[in-house]
file model_0.txt (compact mmCIF, C-alpha atoms)
# COMPACT_ATOMS: atom_id res chain seq x y z
CA MET A 1 -20.55 -30.48 -13.99
CA LYS A 2 -22.73 -30.86 -10.89
CA LEU A 3 -20.28 -33.39 -9.44
CA VAL A 4 -17.38 -30.94 -9.80
CA LEU A 5 -19.44 -28.15 -8.20
CA ASN A 6 -20.38 -30.40 -5.27
CA LEU A 7 -16.75 -31.44 -4.87
CA LEU A 8 -15.59 -27.81 -4.78
CA LEU A 9 -18.36 -26.83 -2.36
CA ASN A 10 -17.55 -29.74 -0.05
CA GLY A 11 -13.85 -28.91 -0.25
CA PHE A 12 -14.61 -25.30 0.61
CA ALA A 13 -16.83 -26.45 3.49
CA VAL A 14 -13.99 -28.61 4.84
CA PHE A 15 -11.62 -25.66 4.49
CA VAL A 16 -14.02 -23.31 6.32
CA ALA A 17 -14.64 -25.85 9.10
CA GLY A 18 -10.89 -26.28 9.49
CA TYR A 19 -10.44 -22.53 9.64
CA LEU A 20 -13.13 -22.09 12.30
CA LEU A 21 -11.90 -24.84 14.62
CA PRO A 22 -8.46 -24.48 16.22
CA GLY A 23 -8.13 -28.24 16.81
CA ILE A 24 -8.25 -29.00 13.07
CA ILE A 25 -5.23 -28.42 10.84
CA ILE A 26 -5.62 -28.37 7.05
CA ASP A 27 -2.54 -27.47 5.04
CA SER A 28 -4.15 -26.23 1.81
CA PHE A 29 -7.33 -26.07 -0.22
CA PHE A 30 -6.13 -29.07 -2.23
CA THR A 31 -5.88 -31.03 1.02
CA ALA A 32 -9.43 -29.94 1.85
CA ILE A 33 -10.65 -31.35 -1.47
CA ILE A 34 -8.82 -34.63 -0.80
CA VAL A 35 -10.40 -34.73 2.69
CA SER A 36 -13.86 -34.21 1.20
CA ILE A 37 -13.23 -37.07 -1.25
CA GLY A 38 -12.00 -39.27 1.62
CA LEU A 39 -15.02 -38.42 3.76
CA GLY A 40 -17.29 -39.16 0.83
CA ILE A 41 -15.74 -42.58 0.31
CA VAL A 42 -15.84 -43.41 4.03
CA ASN A 43 -19.44 -42.20 4.34
CA THR A 44 -20.46 -44.27 1.33
CA PHE A 45 -18.85 -47.58 2.25
CA ILE A 46 -18.08 -47.72 5.98
CA LYS A 47 -20.77 -45.57 7.62
CA PRO A 48 -23.74 -47.75 6.57
CA ILE A 49 -22.05 -50.82 8.05
CA LEU A 50 -21.34 -48.99 11.32
CA LEU A 51 -24.91 -47.69 11.45
CA LEU A 52 -26.24 -51.22 11.00
CA PHE A 53 -24.08 -52.65 13.79
CA THR A 54 -24.84 -49.81 16.18
CA LEU A 55 -28.55 -49.55 15.43
CA PRO A 56 -29.73 -50.55 18.94
CA LEU A 57 -27.42 -47.99 20.56
CA THR A 58 -28.50 -45.35 18.06
CA VAL A 59 -32.16 -46.00 18.83
CA VAL A 60 -31.58 -45.87 22.61
CA THR A 61 -29.73 -42.53 22.31
CA LEU A 62 -32.37 -41.18 19.92
CA GLY A 63 -29.85 -40.84 17.10
CA LEU A 64 -27.19 -38.94 19.03
CA PHE A 65 -24.75 -41.83 18.67
CA ILE A 66 -24.48 -40.89 14.99
CA PHE A 67 -22.38 -37.89 16.11
CA VAL A 68 -19.95 -40.33 17.71
CA ILE A 69 -19.81 -42.38 14.51
CA ASN A 70 -19.17 -39.23 12.45
CA GLY A 71 -16.36 -38.22 14.81
CA LEU A 72 -14.77 -41.66 14.51
CA LEU A 73 -14.96 -41.49 10.72
CA VAL A 74 -13.31 -38.06 10.71
CA LEU A 75 -10.51 -39.47 12.88
CA LEU A 76 -10.18 -42.39 10.46
CA VAL A 77 -9.83 -40.06 7.48
CA SER A 78 -7.28 -37.95 9.35
CA THR A 79 -5.02 -40.97 9.77
CA PHE A 80 -4.84 -41.58 6.02
CA ILE A 81 -4.58 -38.08 4.57
CA PRO A 82 -1.35 -36.15 5.11
CA GLY A 83 -1.87 -32.48 5.81
CA PHE A 84 -5.13 -33.10 7.69
CA LYS A 85 -4.72 -33.36 11.45
CA VAL A 86 -7.36 -33.68 14.13
CA GLN A 87 -6.13 -33.12 17.67
CA SER A 88 -8.77 -35.11 19.57
CA PHE A 89 -12.07 -36.93 19.37
CA PHE A 90 -13.87 -33.82 20.60
CA TRP A 91 -12.48 -31.77 17.71
CA ALA A 92 -13.47 -34.52 15.28
CA MET A 93 -17.07 -34.37 16.49
CA ALA A 94 -17.03 -30.55 16.38
CA PHE A 95 -15.57 -30.69 12.85
CA SER A 96 -18.37 -33.03 11.81
CA ALA A 97 -21.04 -30.69 13.20
CA VAL A 98 -19.52 -27.56 11.65
CA LEU A 99 -19.04 -29.36 8.34
CA TRP A 100 -22.71 -30.37 8.36
CA ALA A 101 -23.81 -26.79 9.07
CA VAL A 102 -21.57 -25.23 6.41
CA ASN A 103 -22.66 -27.82 3.82
CA PHE A 104 -26.30 -27.18 4.73
CA VAL A 105 -25.90 -23.44 4.12
CA PHE A 106 -23.95 -23.89 0.88
CA HIS A 107 -26.35 -26.42 -0.60
CA SER A 108 -29.40 -24.35 0.37
CA LEU A 109 -27.87 -21.36 -1.41
CA THR A 110 -27.21 -23.31 -4.60
CA LYS A 111 -30.77 -24.64 -4.99
call {"tool": "encode", "arguments": {"input": "model_0.txt", "output": "C-alpha cells"}}
result
Amino acid sequence: MKLVLNLLLNGFAVFVAGYLLPGIIIDSFFTAIIVSIGLGIVNTFIKPILLLFTLPLTVVTLGLFIFVINGLLVLLVSTFIPGFKVQSFFWAMAFSAVLWAVNFVFHSLTK
C-alpha cells in the first residue's frame, strides 16, 4: 500500500512540477506516473554509476554538479517516454529542483 501511495505522490509531484514550469510538457496524469517510474528506475540504476565516475568533480563543486547529473537524467527520461517533453537542459535542471521541493513537501506532510 505504501508503494502505491508513494507512486501516486511522485506522479502528482511530477504533474505539479510540469504545470509550474512552462518548458516542461506532460500530456496527462498517467504520463506523469510513467515519468515518475522512469525517473525511479534511472535514479536507482544509472545515477549511482554517474555519481561514482564524477565524484572528483562533485567534490570540487561542493556537490553542485549533482544538479547537472539530475538534469541529464531528466533529459534521458524525456527521450524514452512519449508525452513528456523537456525543451532544454535548463528546464530539465529546473524540473529536477521543483520536483525535489514538491516531493519534500508532500513527504513531510505524510509523515
call {"tool": "closest_residue", "arguments": {"input": "model_0.txt", "among": "A:Val42, A:Met1, A:Ala32, A:Leu75", "to": "Ala17 in chain A", "atoms": "all atoms listed in the file"}}
result
A:Ala32
call {"tool": "residues_around", "arguments": {"input": "model_0.txt", "residues": "Phe106 in chain A", "least_positions_apart": "2", "cutoff": "12 Å", "atoms": "all atoms listed in the file", "output": "PyMOL selection string"}}
result
chain A and resi 5-14+16+99-104+108-111
call {"tool": "write_last_selection", "arguments": {"input": "model_0.txt", "atoms": "C-alpha atoms", "output": "short mmCIF file (atom, residue, chain, number, x, y, z; two decimals), in the coordinates of the input"}}
result
data_model
loop_
_atom_site.label_atom_id
_atom_site.label_comp_id
_atom_site.auth_asym_id
_atom_site.auth_seq_id
_atom_site.Cartn_x
_atom_site.Cartn_y
_atom_site.Cartn_z
CA LEU A 5 -19.44 -28.15 -8.20
CA ASN A 6 -20.38 -30.40 -5.27
CA LEU A 7 -16.75 -31.44 -4.87
CA LEU A 8 -15.59 -27.81 -4.78
CA LEU A 9 -18.36 -26.83 -2.36
CA ASN A 10 -17.55 -29.74 -0.05
CA GLY A 11 -13.85 -28.91 -0.25
CA PHE A 12 -14.61 -25.30 0.61
CA ALA A 13 -16.83 -26.45 3.49
CA VAL A 14 -13.99 -28.61 4.84
CA VAL A 16 -14.02 -23.31 6.32
CA LEU A 99 -19.04 -29.36 8.34
CA TRP A 100 -22.71 -30.37 8.36
CA ALA A 101 -23.81 -26.79 9.07
CA VAL A 102 -21.57 -25.23 6.41
CA ASN A 103 -22.66 -27.82 3.82
CA PHE A 104 -26.30 -27.18 4.73
CA SER A 108 -29.40 -24.35 0.37
CA LEU A 109 -27.87 -21.36 -1.41
CA THR A 110 -27.21 -23.31 -4.60
CA LYS A 111 -30.77 -24.64 -4.99
#
call {"tool": "residues_around", "arguments": {"input": "model_0.txt", "residues": "Thr31 in chain A", "least_positions_apart": "6", "cutoff": "9 Å", "atoms": "all atoms listed in the file", "output": "list in words"}}
result
Gly11, Phe15, Ile81, Pro82, Gly83 and Phe84 of chain A
call {"tool": "atom_distance", "arguments": {"input": "model_0.txt", "atom1": "CA of Ile37 in chain A", "atom2": "CA of Ile49 in chain A"}}
result
18.8 Å
call {"tool": "closest_residue", "arguments": {"input": "model_0.txt", "among": "A:Thr54, A:Val35, A:Lys47, A:Lys2", "to": "His107 in chain A", "atoms": "all atoms listed in the file"}}
result
A:Lys2
call {"tool": "build_atoms", "arguments": {"input": "model_0.txt", "residues": "range 43-71 of chain A", "atoms": "N, CA and C atoms", "output": "mmCIF file, in the coordinates of the input"}}
result
data_model
loop_
_atom_site.group_PDB
_atom_site.id
_atom_site.type_symbol
_atom_site.label_atom_id
_atom_site.label_comp_id
_atom_site.auth_asym_id
_atom_site.auth_seq_id
_atom_site.Cartn_x
_atom_site.Cartn_y
_atom_site.Cartn_z
ATOM 1 N N ASN A 43 -18.008 -42.277 4.065
ATOM 2 C CA ASN A 43 -19.440 -42.200 4.340
ATOM 3 C C ASN A 43 -20.253 -43.104 3.426
ATOM 4 N N THR A 44 -19.742 -43.400 2.250
ATOM 5 C CA THR A 44 -20.460 -44.270 1.330
ATOM 6 C C THR A 44 -20.301 -45.737 1.687
ATOM 7 N N PHE A 45 -19.110 -46.153 2.074
ATOM 8 C CA PHE A 45 -18.850 -47.580 2.250
ATOM 9 C C PHE A 45 -18.818 -48.053 3.705
ATOM 10 N N ILE A 46 -18.268 -47.259 4.602
ATOM 11 C CA ILE A 46 -18.080 -47.720 5.980
ATOM 12 C C ILE A 46 -19.228 -47.292 6.895
ATOM 13 N N LYS A 47 -19.734 -46.085 6.717
ATOM 14 C CA LYS A 47 -20.770 -45.570 7.620
ATOM 15 C C LYS A 47 -22.034 -46.435 7.634
ATOM 16 N N PRO A 48 -22.536 -46.907 6.496
ATOM 17 C CA PRO A 48 -23.740 -47.750 6.570
ATOM 18 C C PRO A 48 -23.537 -49.038 7.377
ATOM 19 N N ILE A 49 -22.340 -49.605 7.289
ATOM 20 C CA ILE A 49 -22.050 -50.820 8.050
ATOM 21 C C ILE A 49 -22.026 -50.503 9.546
ATOM 22 N N LEU A 50 -21.383 -49.391 9.910
ATOM 23 C CA LEU A 50 -21.340 -48.990 11.320
ATOM 24 C C LEU A 50 -22.741 -48.664 11.844
ATOM 25 N N LEU A 51 -23.551 -48.008 11.023
ATOM 26 C CA LEU A 51 -24.910 -47.690 11.450
ATOM 27 C C LEU A 51 -25.734 -48.961 11.665
ATOM 28 N N LEU A 52 -25.521 -49.961 10.847
ATOM 29 C CA LEU A 52 -26.240 -51.220 11.000
ATOM 30 C C LEU A 52 -25.851 -51.922 12.295
ATOM 31 N N PHE A 53 -24.549 -51.970 12.584
ATOM 32 C CA PHE A 53 -24.080 -52.650 13.790
ATOM 33 C C PHE A 53 -24.442 -51.902 15.073
ATOM 34 N N THR A 54 -24.556 -50.593 14.984
ATOM 35 C CA THR A 54 -24.840 -49.810 16.180
ATOM 36 C C THR A 54 -26.294 -49.338 16.239
ATOM 37 N N LEU A 55 -27.150 -49.961 15.480
ATOM 38 C CA LEU A 55 -28.550 -49.550 15.430
ATOM 39 C C LEU A 55 -29.235 -49.558 16.799
ATOM 40 N N PRO A 56 -29.071 -50.596 17.622
ATOM 41 C CA PRO A 56 -29.730 -50.550 18.940
ATOM 42 C C PRO A 56 -29.246 -49.368 19.800
ATOM 43 N N LEU A 57 -27.954 -49.101 19.788
ATOM 44 C CA LEU A 57 -27.420 -47.990 20.560
ATOM 45 C C LEU A 57 -27.887 -46.652 19.999
ATOM 46 N N THR A 58 -28.012 -46.573 18.697
ATOM 47 C CA THR A 58 -28.500 -45.350 18.060
ATOM 48 C C THR A 58 -29.956 -45.098 18.422
ATOM 49 N N VAL A 59 -30.749 -46.152 18.468
ATOM 50 C CA VAL A 59 -32.160 -46.000 18.830
ATOM 51 C C VAL A 59 -32.287 -45.581 20.297
ATOM 52 N N VAL A 60 -31.508 -46.193 21.180
ATOM 53 C CA VAL A 60 -31.580 -45.870 22.610
ATOM 54 C C VAL A 60 -31.174 -44.409 22.850
ATOM 55 N N THR A 61 -30.182 -43.912 22.124
ATOM 56 C CA THR A 61 -29.730 -42.530 22.310
ATOM 57 C C THR A 61 -30.475 -41.546 21.414
ATOM 58 N N LEU A 62 -31.543 -42.012 20.792
ATOM 59 C CA LEU A 62 -32.370 -41.180 19.920
ATOM 60 C C LEU A 62 -31.584 -40.548 18.776
ATOM 61 N N GLY A 63 -30.626 -41.277 18.252
ATOM 62 C CA GLY A 63 -29.850 -40.840 17.100
ATOM 63 C C GLY A 63 -28.606 -40.051 17.423
ATOM 64 N N LEU A 64 -28.373 -39.734 18.682
ATOM 65 C CA LEU A 64 -27.190 -38.940 19.030
ATOM 66 C C LEU A 64 -25.892 -39.713 18.868
ATOM 67 N N PHE A 65 -25.969 -41.042 18.859
ATOM 68 C CA PHE A 65 -24.750 -41.830 18.670
ATOM 69 C C PHE A 65 -24.176 -41.652 17.269
ATOM 70 N N ILE A 66 -24.970 -41.147 16.346
ATOM 71 C CA ILE A 66 -24.480 -40.890 14.990
ATOM 72 C C ILE A 66 -23.382 -39.821 15.012
ATOM 73 N N PHE A 67 -23.459 -38.879 15.968
ATOM 74 C CA PHE A 67 -22.380 -37.890 16.110
ATOM 75 C C PHE A 67 -21.070 -38.563 16.480
ATOM 76 N N VAL A 68 -21.151 -39.583 17.322
ATOM 77 C CA VAL A 68 -19.950 -40.330 17.710
ATOM 78 C C VAL A 68 -19.378 -41.063 16.496
ATOM 79 N N ILE A 69 -20.256 -41.674 15.714
ATOM 80 C CA ILE A 69 -19.810 -42.380 14.510
ATOM 81 C C ILE A 69 -19.157 -41.399 13.536
ATOM 82 N N ASN A 70 -19.760 -40.231 13.346
ATOM 83 C CA ASN A 70 -19.170 -39.230 12.450
ATOM 84 C C ASN A 70 -17.798 -38.783 12.948
ATOM 85 N N GLY A 71 -17.660 -38.595 14.247
ATOM 86 C CA GLY A 71 -16.360 -38.220 14.810
ATOM 87 C C GLY A 71 -15.313 -39.294 14.574
#
